[in-house]
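Chemist: File follows, work_29.csv with CSV, C-alpha atoms:
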```csv
chain,number,residue,atom,x,y,z
E,819,MET,CA,134.2,179.8,-192.3
E,820,SER,CA,131.3,179.4,-190.0
E,821,ALA,CA,129.0,181.1,-192.5
E,822,ASP,CA,130.2,178.7,-195.2
E,823,THR,CA,129.6,175.8,-192.9
E,824,SER,CA,126.2,177.2,-192.1
E,825,ILE,CA,125.3,177.5,-195.8
E,826,HIS,CA,126.4,174.0,-196.5
E,827,GLY,CA,124.5,172.7,-193.5
E,828,ARG,CA,121.3,174.3,-194.7
E,829,ALA,CA,121.7,173.1,-198.3
E,830,GLY,CA,122.6,169.6,-197.3
E,831,ALA,CA,119.8,169.0,-194.8
E,832,PRO,CA,116.9,169.1,-197.2
E,833,ALA,CA,118.7,166.8,-199.6
E,834,SER,CA,119.6,164.3,-196.9
E,835,GLY,CA,116.1,164.5,-195.5
E,836,ALA,CA,114.5,163.9,-198.9
E,837,LEU,CA,116.8,160.9,-199.4
E,838,ALA,CA,115.9,159.5,-196.0
E,839,GLY,CA,112.2,160.0,-196.7
E,840,ALA,CA,112.5,158.2,-200.0
E,841,ARG,CA,114.3,155.3,-198.3
E,842,ARG,CA,111.7,155.1,-195.6
E,843,ARG,CA,108.9,155.1,-198.3
E,844,SER,CA,110.7,152.4,-200.2
E,845,LEU,CA,111.1,150.2,-197.1
E,846,LEU,CA,107.4,150.7,-196.2
E,847,LEU,CA,106.3,149.7,-199.7
E,848,VAL,CA,108.5,146.6,-199.6
E,849,ALA,CA,107.0,145.6,-196.2
E,850,GLY,CA,103.5,146.3,-197.5
E,851,ALA,CA,104.1,144.3,-200.7
E,852,ALA,CA,105.6,141.4,-198.7
E,853,VAL,CA,102.5,141.3,-196.4
E,854,LEU,CA,100.1,141.4,-199.4
E,855,LEU,CA,102.1,138.7,-201.1
E,856,VAL,CA,101.8,136.4,-198.0
E,857,LEU,CA,98.1,137.0,-197.8
E,858,MET,CA,97.6,136.4,-201.5
E,859,THR,CA,99.6,133.2,-201.3
E,860,GLY,CA,97.4,132.0,-198.5
E,861,VAL,CA,94.2,132.9,-200.4
E,862,ALA,CA,95.5,131.0,-203.5
E,863,LEU,CA,96.4,128.0,-201.4
E,864,SER,CA,93.1,127.9,-199.6
E,865,THR,CA,90.7,128.5,-202.5
E,866,GLY,CA,89.5,125.8,-204.8
E,867,GLN,CA,87.0,122.9,-205.0
E,868,VAL,CA,88.2,121.9,-201.5
E,869,ARG,CA,88.2,125.0,-199.4
E,870,ILE,CA,90.7,125.2,-196.6
E,871,PRO,CA,90.9,127.9,-194.0
E,872,LEU,CA,93.6,130.5,-194.7
E,873,LEU,CA,95.8,129.7,-191.7
E,874,ASP,CA,95.4,126.0,-192.1
E,875,ALA,CA,96.5,126.3,-195.8
E,876,LEU,CA,99.6,128.2,-194.8
E,877,ARG,CA,100.4,125.6,-192.1
E,878,ALA,CA,99.8,122.7,-194.6
E,879,LEU,CA,102.4,124.3,-197.0
E,880,PHE,CA,105.0,123.4,-194.4
E,881,GLY,CA,103.6,120.0,-193.7
E,882,PHE,CA,101.5,120.7,-190.6
E,883,GLY,CA,97.8,119.9,-190.4
E,884,THR,CA,95.6,117.0,-191.6
E,885,ASP,CA,96.9,114.6,-194.2
E,886,GLY,CA,94.1,115.8,-196.6
E,887,ASP,CA,95.0,119.4,-196.3
E,888,VAL,CA,98.7,118.7,-196.7
E,889,LEU,CA,98.1,116.6,-199.8
E,890,VAL,CA,95.8,119.2,-201.5
E,891,VAL,CA,98.1,122.2,-200.7
E,892,ARG,CA,101.5,120.7,-201.3
E,893,GLU,CA,100.9,118.4,-204.2
E,894,PHE,CA,98.2,120.3,-206.2
E,895,ARG,CA,98.2,124.0,-205.3
E,896,ALA,CA,101.7,124.9,-204.1
E,897,PRO,CA,103.6,124.1,-207.3
E,898,ARG,CA,101.3,126.4,-209.3
E,899,VAL,CA,101.4,129.1,-206.7
E,900,LEU,CA,105.2,129.0,-206.4
E,901,SER,CA,105.6,129.0,-210.1
E,902,ALA,CA,103.6,132.2,-210.3
E,903,LEU,CA,105.7,133.8,-207.6
E,904,ILE,CA,109.0,132.7,-209.2
E,905,ALA,CA,108.0,133.7,-212.8
E,906,GLY,CA,106.5,137.0,-211.7
E,907,ALA,CA,109.6,138.0,-209.8
E,908,GLY,CA,111.9,136.9,-212.6
E,909,LEU,CA,110.0,138.7,-215.3
E,910,ALA,CA,109.8,142.0,-213.3
E,911,VAL,CA,113.5,142.0,-212.4
E,912,ALA,CA,114.4,141.2,-216.0
E,913,GLY,CA,112.3,144.0,-217.3
E,914,SER,CA,113.7,146.5,-214.8
E,915,LEU,CA,117.3,145.5,-215.7
E,916,LEU,CA,116.6,145.7,-219.5
E,917,GLN,CA,115.0,149.1,-219.2
E,918,ARG,CA,118.1,150.4,-217.4
E,919,LEU,CA,120.6,148.8,-219.7
E,920,PHE,CA,118.9,149.9,-222.9
E,921,ARG,CA,117.8,153.3,-221.5
E,922,ASN,CA,114.5,152.8,-223.0
E,923,PRO,CA,111.2,152.5,-221.0
E,924,LEU,CA,109.7,150.1,-223.6
E,925,ALA,CA,112.5,147.5,-223.3
E,926,SER,CA,111.4,144.2,-221.9
E,927,PRO,CA,111.9,140.5,-222.6
E,928,ASP,CA,108.7,140.7,-224.7
E,929,VAL,CA,110.3,143.3,-226.9
E,930,ILE,CA,113.9,142.2,-227.4
E,931,GLY,CA,112.9,138.6,-228.4
E,932,VAL,CA,113.6,136.6,-225.3
E,933,THR,CA,110.0,135.4,-224.8
E,934,GLY,CA,109.7,134.8,-228.5
E,935,GLY,CA,112.8,132.7,-228.3
E,936,ALA,CA,111.3,130.7,-225.4
E,937,SER,CA,108.2,130.1,-227.4
E,938,PHE,CA,110.2,129.0,-230.4
E,939,GLY,CA,112.2,126.5,-228.3
E,940,ALA,CA,109.1,125.0,-226.6
E,941,VAL,CA,107.1,124.7,-229.8
E,942,LEU,CA,110.1,123.2,-231.7
E,943,LEU,CA,110.3,120.6,-229.0
E,944,LEU,CA,106.6,119.7,-229.5
E,945,ALA,CA,107.2,119.6,-233.3
E,946,THR,CA,110.0,117.0,-232.9
E,947,GLY,CA,107.8,114.8,-230.7
E,948,ALA,CA,110.2,114.9,-227.8
E,949,SER,CA,109.1,114.5,-224.2
E,950,GLN,CA,107.2,117.5,-222.8
E,951,ALA,CA,109.2,117.1,-219.6
E,952,LEU,CA,112.0,118.8,-221.6
E,953,THR,CA,109.9,121.9,-222.3
E,954,PRO,CA,111.6,124.1,-219.7
E,955,LEU,CA,115.0,123.3,-221.0
E,956,ALA,CA,113.8,124.0,-224.6
E,957,ALA,CA,112.4,127.3,-223.5
E,958,LEU,CA,115.7,128.3,-221.8
E,959,GLY,CA,117.6,127.3,-225.0
E,960,GLY,CA,115.2,129.4,-227.1
E,961,GLY,CA,115.7,132.4,-224.9
E,962,LEU,CA,119.5,132.1,-225.2
E,963,LEU,CA,119.1,131.7,-228.9
E,964,ALA,CA,117.3,135.0,-229.0
E,965,ALA,CA,120.0,136.7,-227.0
E,966,ALA,CA,122.6,135.2,-229.4
E,967,LEU,CA,120.7,136.6,-232.4
E,968,LEU,CA,120.5,140.0,-230.7
E,969,GLY,CA,124.2,140.0,-230.1
E,970,ALA,CA,125.1,138.8,-233.6
E,971,PHE,CA,123.0,141.5,-235.3
E,972,ALA,CA,123.6,144.4,-232.9
E,973,TRP,CA,126.3,144.0,-230.3
E,974,ARG,CA,129.3,143.2,-232.4
E,975,SER,CA,128.5,146.0,-234.7
E,976,ARG,CA,128.5,148.5,-231.8
E,977,LEU,CA,125.1,149.8,-232.5
E,978,ALA,CA,123.8,152.5,-230.1
E,979,VAL,CA,122.1,151.1,-227.1
E,980,THR,CA,118.7,152.6,-227.9
E,981,ARG,CA,118.8,150.9,-231.3
E,982,LEU,CA,119.2,147.5,-229.7
E,983,VAL,CA,115.5,147.6,-228.9
E,984,LEU,CA,114.7,147.9,-232.6
E,985,VAL,CA,116.9,144.9,-233.4
E,986,GLY,CA,115.1,143.1,-230.6
E,987,LEU,CA,111.8,143.8,-232.2
E,988,ALA,CA,113.0,142.3,-235.4
E,989,VAL,CA,114.2,139.2,-233.6
E,990,GLN,CA,110.9,138.9,-231.8
E,991,ALA,CA,108.9,139.2,-235.0
E,992,GLY,CA,111.0,136.6,-236.8
E,993,LEU,CA,110.8,134.1,-234.0
E,994,ALA,CA,107.0,134.7,-233.7
E,995,ALA,CA,106.6,134.0,-237.4
E,996,ALA,CA,108.5,130.8,-237.1
E,997,VAL,CA,106.3,129.7,-234.1
E,998,ASN,CA,103.1,130.5,-236.1
E,999,LEU,CA,104.4,128.5,-239.1
E,1000,MET,CA,105.1,125.4,-236.9
E,1001,ILE,CA,101.6,125.7,-235.3
E,1002,VAL,CA,99.9,125.8,-238.6
E,1003,ARG,CA,101.8,122.7,-239.7
E,1004,PHE,CA,100.9,120.8,-236.5
E,1005,PRO,CA,98.3,118.1,-236.2
E,1006,ALA,CA,95.2,119.5,-234.4
E,1007,GLU,CA,96.0,118.0,-231.0
E,1008,LEU,CA,99.5,119.3,-230.9
E,1009,ALA,CA,98.4,122.7,-232.2
E,1010,GLY,CA,96.1,123.0,-229.2
E,1011,GLN,CA,98.9,122.3,-226.8
E,1012,ALA,CA,101.3,124.7,-228.5
E,1013,LEU,CA,98.7,127.5,-228.5
E,1014,GLN,CA,98.0,127.1,-224.8
E,1015,TRP,CA,101.7,127.2,-224.0
E,1016,THR,CA,102.5,130.3,-226.2
E,1017,THR,CA,99.7,132.4,-224.6
E,1018,GLY,CA,101.1,131.7,-221.1
E,1019,SER,CA,99.8,129.2,-218.6
E,1020,LEU,CA,100.6,127.8,-215.1
E,1021,TYR,CA,98.8,124.6,-215.7
E,1022,GLY,CA,100.5,121.3,-214.8
E,1023,ARG,CA,103.6,122.6,-213.0
E,1024,THR,CA,105.6,120.1,-211.0
E,1025,TRP,CA,108.0,120.3,-208.1
E,1026,PRO,CA,111.1,119.5,-210.1
E,1027,GLU,CA,110.3,122.4,-212.4
E,1028,VAL,CA,109.7,124.7,-209.5
E,1029,TRP,CA,113.0,123.8,-207.8
E,1030,ALA,CA,115.0,124.1,-210.9
E,1031,ALA,CA,113.5,127.4,-212.1
E,1032,GLY,CA,113.4,128.8,-208.5
E,1033,GLY,CA,117.0,128.0,-207.9
E,1034,ALA,CA,118.1,129.6,-211.2
E,1035,VAL,CA,116.0,132.7,-210.6
E,1036,ALA,CA,117.2,133.1,-207.0
E,1037,VAL,CA,120.9,133.0,-208.1
E,1038,ALA,CA,120.3,135.4,-211.0
E,1039,VAL,CA,118.3,137.9,-208.8
E,1040,THR,CA,121.1,137.7,-206.1
E,1041,ALA,CA,123.7,138.5,-208.8
E,1042,VAL,CA,121.6,141.5,-210.0
E,1043,PHE,CA,121.6,142.8,-206.4
E,1044,LEU,CA,125.3,142.3,-206.0
E,1045,LEU,CA,125.9,144.2,-209.3
E,1046,ASN,CA,123.6,147.0,-208.5
E,1047,ARG,CA,126.5,149.5,-208.0
E,1048,GLN,CA,127.9,148.6,-211.4
E,1049,VAL,CA,124.5,149.1,-213.0
E,1050,ALA,CA,124.4,152.6,-211.3
E,1051,VAL,CA,127.7,153.4,-212.9
E,1052,LEU,CA,126.4,152.3,-216.3
E,1053,ASP,CA,123.5,154.8,-215.8
E,1054,LEU,CA,126.1,157.6,-216.0
E,1055,GLY,CA,126.9,156.7,-219.6
E,1056,ASP,CA,129.6,154.6,-221.3
E,1057,ASP,CA,132.2,157.4,-221.3
E,1058,SER,CA,131.8,158.1,-217.6
E,1059,ALA,CA,131.7,154.3,-216.8
E,1060,GLY,CA,134.9,153.8,-218.7
E,1061,GLY,CA,136.5,156.7,-216.9
E,1062,LEU,CA,135.7,155.0,-213.6
E,1063,GLY,CA,137.4,151.8,-214.6
E,1064,LEU,CA,134.3,149.8,-215.7
E,1065,ASP,CA,134.2,148.1,-219.1
E,1066,PRO,CA,130.7,149.1,-220.2
E,1067,HIS,CA,130.3,146.6,-223.1
E,1068,ARG,CA,131.5,143.6,-221.0
E,1069,MET,CA,129.3,144.6,-218.0
E,1070,ARG,CA,126.3,145.2,-220.2
E,1071,LEU,CA,126.7,141.8,-221.8
E,1072,ALA,CA,126.9,140.1,-218.4
E,1073,LEU,CA,123.8,141.9,-217.2
E,1074,LEU,CA,122.0,141.1,-220.4
E,1075,LEU,CA,122.8,137.5,-219.9
E,1076,LEU,CA,121.3,137.7,-216.4
E,1077,ALA,CA,118.1,139.3,-217.7
E,1078,VAL,CA,117.9,136.5,-220.4
E,1079,VAL,CA,118.3,133.8,-217.8
E,1080,LEU,CA,115.6,135.4,-215.6
E,1081,ALA,CA,113.1,135.8,-218.4
E,1082,SER,CA,113.8,132.4,-219.9
E,1083,MET,CA,113.4,130.5,-216.7
E,1084,ALA,CA,110.2,132.4,-216.0
E,1085,ALA,CA,108.9,131.5,-219.5
E,1086,ALA,CA,110.0,127.9,-218.8
E,1087,LEU,CA,107.4,127.8,-216.0
E,1088,THR,CA,104.6,129.9,-217.5
E,1089,GLY,CA,105.2,130.4,-221.2
E,1090,PRO,CA,105.6,133.9,-222.5
E,1091,VAL,CA,103.4,135.9,-220.1
E,1092,ALA,CA,103.1,139.4,-221.6
E,1093,PHE,CA,103.5,142.8,-220.0
E,1094,VAL,CA,104.6,141.8,-216.5
E,1095,ALA,CA,108.2,142.7,-217.3
E,1096,LEU,CA,107.1,145.9,-219.0
E,1097,ALA,CA,104.5,147.3,-216.6
E,1098,VAL,CA,105.9,146.5,-213.1
E,1099,PRO,CA,109.1,148.5,-213.3
E,1100,HIS,CA,107.1,151.6,-214.3
E,1101,LEU,CA,104.6,151.0,-211.5
E,1102,VAL,CA,107.5,150.7,-209.0
E,1103,TRP,CA,109.1,153.9,-210.4
E,1104,LEU,CA,105.8,155.8,-209.9
E,1105,LEU,CA,105.4,154.5,-206.3
E,1106,ALA,CA,109.0,154.5,-205.0
E,1107,GLY,CA,111.2,156.6,-207.3
E,1108,PRO,CA,114.5,155.9,-209.1
E,1109,PRO,CA,116.2,152.5,-208.9
E,1110,THR,CA,117.8,151.4,-205.6
E,1111,PRO,CA,118.3,148.0,-204.0
E,1112,ALA,CA,115.0,148.6,-202.1
E,1113,THR,CA,113.1,149.4,-205.3
E,1114,LEU,CA,114.6,146.3,-206.9
E,1115,ALA,CA,113.2,144.2,-204.1
E,1116,LEU,CA,109.9,146.0,-204.5
E,1117,THR,CA,110.0,145.2,-208.2
E,1118,ALA,CA,110.4,141.4,-207.5
E,1119,LEU,CA,107.6,141.4,-204.9
E,1120,THR,CA,105.3,143.4,-207.2
E,1121,GLY,CA,105.9,141.1,-210.1
E,1122,ALA,CA,105.2,138.0,-208.0
E,1123,LEU,CA,102.0,139.6,-206.6
E,1124,LEU,CA,100.7,140.7,-210.0
E,1125,LEU,CA,101.2,137.3,-211.7
E,1126,LEU,CA,99.8,135.4,-208.7
E,1127,THR,CA,96.7,137.7,-208.6
E,1128,ALA,CA,96.2,137.3,-212.3
E,1129,ASP,CA,96.3,133.5,-212.0
E,1130,HIS,CA,93.8,133.6,-209.1
E,1131,LEU,CA,91.5,135.6,-211.3
E,1132,VAL,CA,91.8,133.0,-214.1
E,1133,LEU,CA,91.0,130.1,-211.7
E,1134,HIS,CA,88.3,131.5,-209.4
E,1135,VAL,CA,86.9,134.8,-210.6
E,1136,LEU,CA,86.6,135.0,-214.3
E,1137,PRO,CA,83.7,133.0,-215.9
E,1138,VAL,CA,85.8,131.6,-218.7
E,1139,HIS,CA,87.1,128.1,-218.0
E,1140,GLY,CA,90.7,127.3,-219.0
E,1141,LEU,CA,91.7,130.9,-219.8
E,1142,PRO,CA,95.5,131.2,-219.9
E,1143,VAL,CA,97.0,133.6,-217.4
E,1144,GLY,CA,98.8,135.3,-220.3
E,1145,ALA,CA,95.5,136.4,-221.7
E,1146,VAL,CA,94.7,138.3,-218.5
E,1147,THR,CA,98.1,140.0,-218.3
E,1148,ALA,CA,97.9,141.0,-222.0
E,1149,THR,CA,94.4,142.4,-221.5
E,1150,LEU,CA,95.6,144.5,-218.6
E,1151,GLY,CA,98.9,145.4,-220.2
E,1152,ALA,CA,97.8,146.6,-223.6
E,1153,PRO,CA,96.1,149.8,-222.3
E,1154,TRP,CA,99.1,150.3,-220.1
E,1155,LEU,CA,101.5,150.1,-223.1
E,1156,LEU,CA,99.3,152.5,-225.1
E,1157,ALA,CA,99.2,155.0,-222.2
E,1158,LEU,CA,103.0,154.7,-221.7
E,1159,MET,CA,103.6,155.4,-225.4
E,1160,ILE,CA,101.4,158.4,-225.3
E,1161,ARG,CA,103.1,159.7,-222.2
E,1162,GLN,CA,106.5,159.2,-223.7
E,1163,GLY,CA,105.4,161.2,-226.7
E,1164,ARG,CA,104.4,164.1,-224.5
E,1165,LEU,CA,107.2,164.2,-221.9
E,1166,PRO,CA,110.9,164.8,-222.4
E,1167,GLN,CA,112.9,161.5,-222.6
E,1168,ARG,CA,114.9,160.6,-219.5
E,1169,SER,CA,118.5,159.9,-220.4
E,1170,SER,CA,121.5,158.9,-218.4
E,1171,ARG,CA,123.9,160.2,-220.9
```
Would you mind writing the file out in structure tokens?
Modeler:
Amino acid sequence: MSADTSIHGRAGAPASGALAGARRRSLLLVAGAAVLLVLMTGVALSTGQVRIPLLDALRALFGFGTDGDVLVVREFRAPRVLSALIAGAGLAVAGSLLQRLFRNPLASPDVIGVTGGASFGAVLLLATGASQALTPLAALGGGLLAAALLGAFAWRSRLAVTRLVLVGLAVQAGLAAAVNLMIVRFPAELAGQALQWTTGSLYGRTWPEVWAAGGAVAVAVTAVFLLNRQVAVLDLGDDSAGGLGLDPHRMRLALLLLAVVLASMAAALTGPVAFVALAVPHLVWLLAGPPTPATLALTALTGALLLLTADHLVLHVLPVHGLPVGAVTATLGAPWLLALMIRQGRLPQRSSR
């Protein structure tokens, strides 16, 4: 008995040590990402035509400092900066959730049609001549429309999870074609507005939009954290999940709805910013390993940091004036997608079945 205990002790120690090491690494990465995010936020708030010292900019965000600093930071810069943080975190968490649900490393809101639906809703609003203040709601409605189409064509027919991505590609392509058709039919001035929105932009964000989208994203991300254990059960496969008392189809539908809300609200703030949802979960996997609550937090922080940094490049580094932030993320993401597809072709596919 003592020998058996000794064997189990020696076998279990490395495993528990490796687990503790991975947990420490994840927590360190979360702390590092949080520090970088605070610093980058300060840089974004302090940089512009009116330069404000970093600490003064952070103080002005909370209403402390001179009236001029508070006005510049809180009324002009903070809505754009917070929009980048909210949208980046929402897109990254949505991408991570979809990749786990579909068991496909290429799944993201860009692929399954959510961002295409958001574009369709916003451009349709412009086509009808309605107030642009309703654009966020139209984008959310378009994202939900894309999810409904995905469910109508795939979910009710019980297609394999991996084939849902193919259906999503078809939905995305169809909605993109409808958007292009409307833009071609627009008058010149409306076509310019539509094109800027469909490429992704943080221009002209307001506090009501920030509070509405931020609240929705915060609630959805909290729900994803609370349901993390159920997602882990789904990773075992539908048969195992059913054996453990979980209805895989109902749970996957609920999680898909959360991902759609996250991506749609992000698109309501920024338009369809490409590749953030696709690239960030893979980057976090490489840095921190398989999904845990800590890596989910790291995913949100990394997405926010990536989008805020890309917007800062657009405003203050790149020489092209008025370049949409979506053009930067697409330029960075296209090589990443190509490398990922090549890597997936060479390596055995990970599967939770």
Chemist: Just how far from atom CA of E:Ala851 is atom CA of E:Ala1081, in Å to one decimal?
Modeler: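 Between atom CA of E:Ala1081 and atom CA of E:Ala851 the gap is 21.6 Å.
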Chemist: How many Å separate atom CA of E:Thr1024 from atom CA of E:Ala902?
Modeler: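 Spanning atom CA of E:Thr1024 to atom CA of E:Ala902 is a straight-line distance of 12.3 Å.
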Chemist: Need to verify the contact set: E:Leu857, 10 Å, all atoms listed in the file, exclusion of same-chain residues closer than 5 positions in sequence. Can you return it as a ChimeraX atom specification?
Modeler: /E:851-852,862-863,872-873,876,1123
Chemist: I want to know what sits within 12 Å of E:Gly1089, based on all atoms listed in the file, with residues of the same chain fewer than 3 positions away left out; could you give that as a PDB file with C-alpha atoms, keeping the file's coordinate frame?
Modeler:
```
ATOM      1  CA  SER E 901     105.600 129.000-210.100  1.00  0.00           C
ATOM      2  CA  ALA E 902     103.600 132.200-210.300  1.00  0.00           C
ATOM      3  CA  ALA E 905     108.000 133.700-212.800  1.00  0.00           C
ATOM      4  CA  GLY E 906     106.500 137.000-211.700  1.00  0.00           C
ATOM      5  CA  LEU E 909     110.000 138.700-215.300  1.00  0.00           C
ATOM      6  CA  ASP E 928     108.700 140.700-224.700  1.00  0.00           C
ATOM      7  CA  VAL E 932     113.600 136.600-225.300  1.00  0.00           C
ATOM      8  CA  THR E 933     110.000 135.400-224.800  1.00  0.00           C
ATOM      9  CA  GLY E 934     109.700 134.800-228.500  1.00  0.00           C
ATOM     10  CA  GLY E 935     112.800 132.700-228.300  1.00  0.00           C
ATOM     11  CA  ALA E 936     111.300 130.700-225.400  1.00  0.00           C
ATOM     12  CA  SER E 937     108.200 130.100-227.400  1.00  0.00           C
ATOM     13  CA  PHE E 938     110.200 129.000-230.400  1.00  0.00           C
ATOM     14  CA  GLY E 939     112.200 126.500-228.300  1.00  0.00           C
ATOM     15  CA  ALA E 940     109.100 125.000-226.600  1.00  0.00           C
ATOM     16  CA  VAL E 941     107.100 124.700-229.800  1.00  0.00           C
ATOM     17  CA  THR E 953     109.900 121.900-222.300  1.00  0.00           C
ATOM     18  CA  PRO E 954     111.600 124.100-219.700  1.00  0.00           C
ATOM     19  CA  ALA E 956     113.800 124.000-224.600  1.00  0.00           C
ATOM     20  CA  ALA E 957     112.400 127.300-223.500  1.00  0.00           C
ATOM     21  CA  LEU E 958     115.700 128.300-221.800  1.00  0.00           C
ATOM     22  CA  GLY E 960     115.200 129.400-227.100  1.00  0.00           C
ATOM     23  CA  GLY E 961     115.700 132.400-224.900  1.00  0.00           C
ATOM     24  CA  GLN E1011      98.900 122.300-226.800  1.00  0.00           C
ATOM     25  CA  ALA E1012     101.300 124.700-228.500  1.00  0.00           C
ATOM     26  CA  LEU E1013      98.700 127.500-228.500  1.00  0.00           C
ATOM     27  CA  GLN E1014      98.000 127.100-224.800  1.00  0.00           C
ATOM     28  CA  TRP E1015     101.700 127.200-224.000  1.00  0.00           C
ATOM     29  CA  THR E1016     102.500 130.300-226.200  1.00  0.00           C
ATOM     30  CA  THR E1017      99.700 132.400-224.600  1.00  0.00           C
ATOM     31  CA  GLY E1018     101.100 131.700-221.100  1.00  0.00           C
ATOM     32  CA  SER E1019      99.800 129.200-218.600  1.00  0.00           C
ATOM     33  CA  LEU E1020     100.600 127.800-215.100  1.00  0.00           C
ATOM     34  CA  TYR E1021      98.800 124.600-215.700  1.00  0.00           C
ATOM     35  CA  ARG E1023     103.600 122.600-213.000  1.00  0.00           C
ATOM     36  CA  ALA E1081     113.100 135.800-218.400  1.00  0.00           C
ATOM     37  CA  SER E1082     113.800 132.400-219.900  1.00  0.00           C
ATOM     38  CA  MET E1083     113.400 130.500-216.700  1.00  0.00           C
ATOM     39  CA  ALA E1084     110.200 132.400-216.000  1.00  0.00           C
ATOM     40  CA  ALA E1085     108.900 131.500-219.500  1.00  0.00           C
ATOM     41  CA  ALA E1086     110.000 127.900-218.800  1.00  0.00           C
ATOM     42  CA  ALA E1092     103.100 139.400-221.600  1.00  0.00           C
ATOM     43  CA  PRO E1142      95.500 131.200-219.900  1.00  0.00           C
ATOM     44  CA  VAL E1143      97.000 133.600-217.400  1.00  0.00           C
ATOM     45  CA  GLY E1144      98.800 135.300-220.300  1.00  0.00           C
ATOM     46  CA  ALA E1145      95.500 136.400-221.700  1.00  0.00           C
TER      47      ALA E1145
END
```
Chemist: Give me, please, the distance in Å between atom CA of E:Leu916 and atom CA of E:Ala1077, quoted to one decimal.
Modeler: 6.8 Å
Chemist: From the list E:Leu903, E:Leu919, E:Ala1041, E:Pro1005, which residue is nearest E:Thr859 when using only C-alpha atoms?
Modeler: E:Leu903
Chemist: From the set E:His1139, E:Thr1110, E:Gly992, E:Leu889, which residue has the shortest atom-to-atom contact distance to E:Ala1050, counting all atoms listed in the file?
Modeler: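 Smallest distance to E:Ala1050 is found for E:Thr1110.
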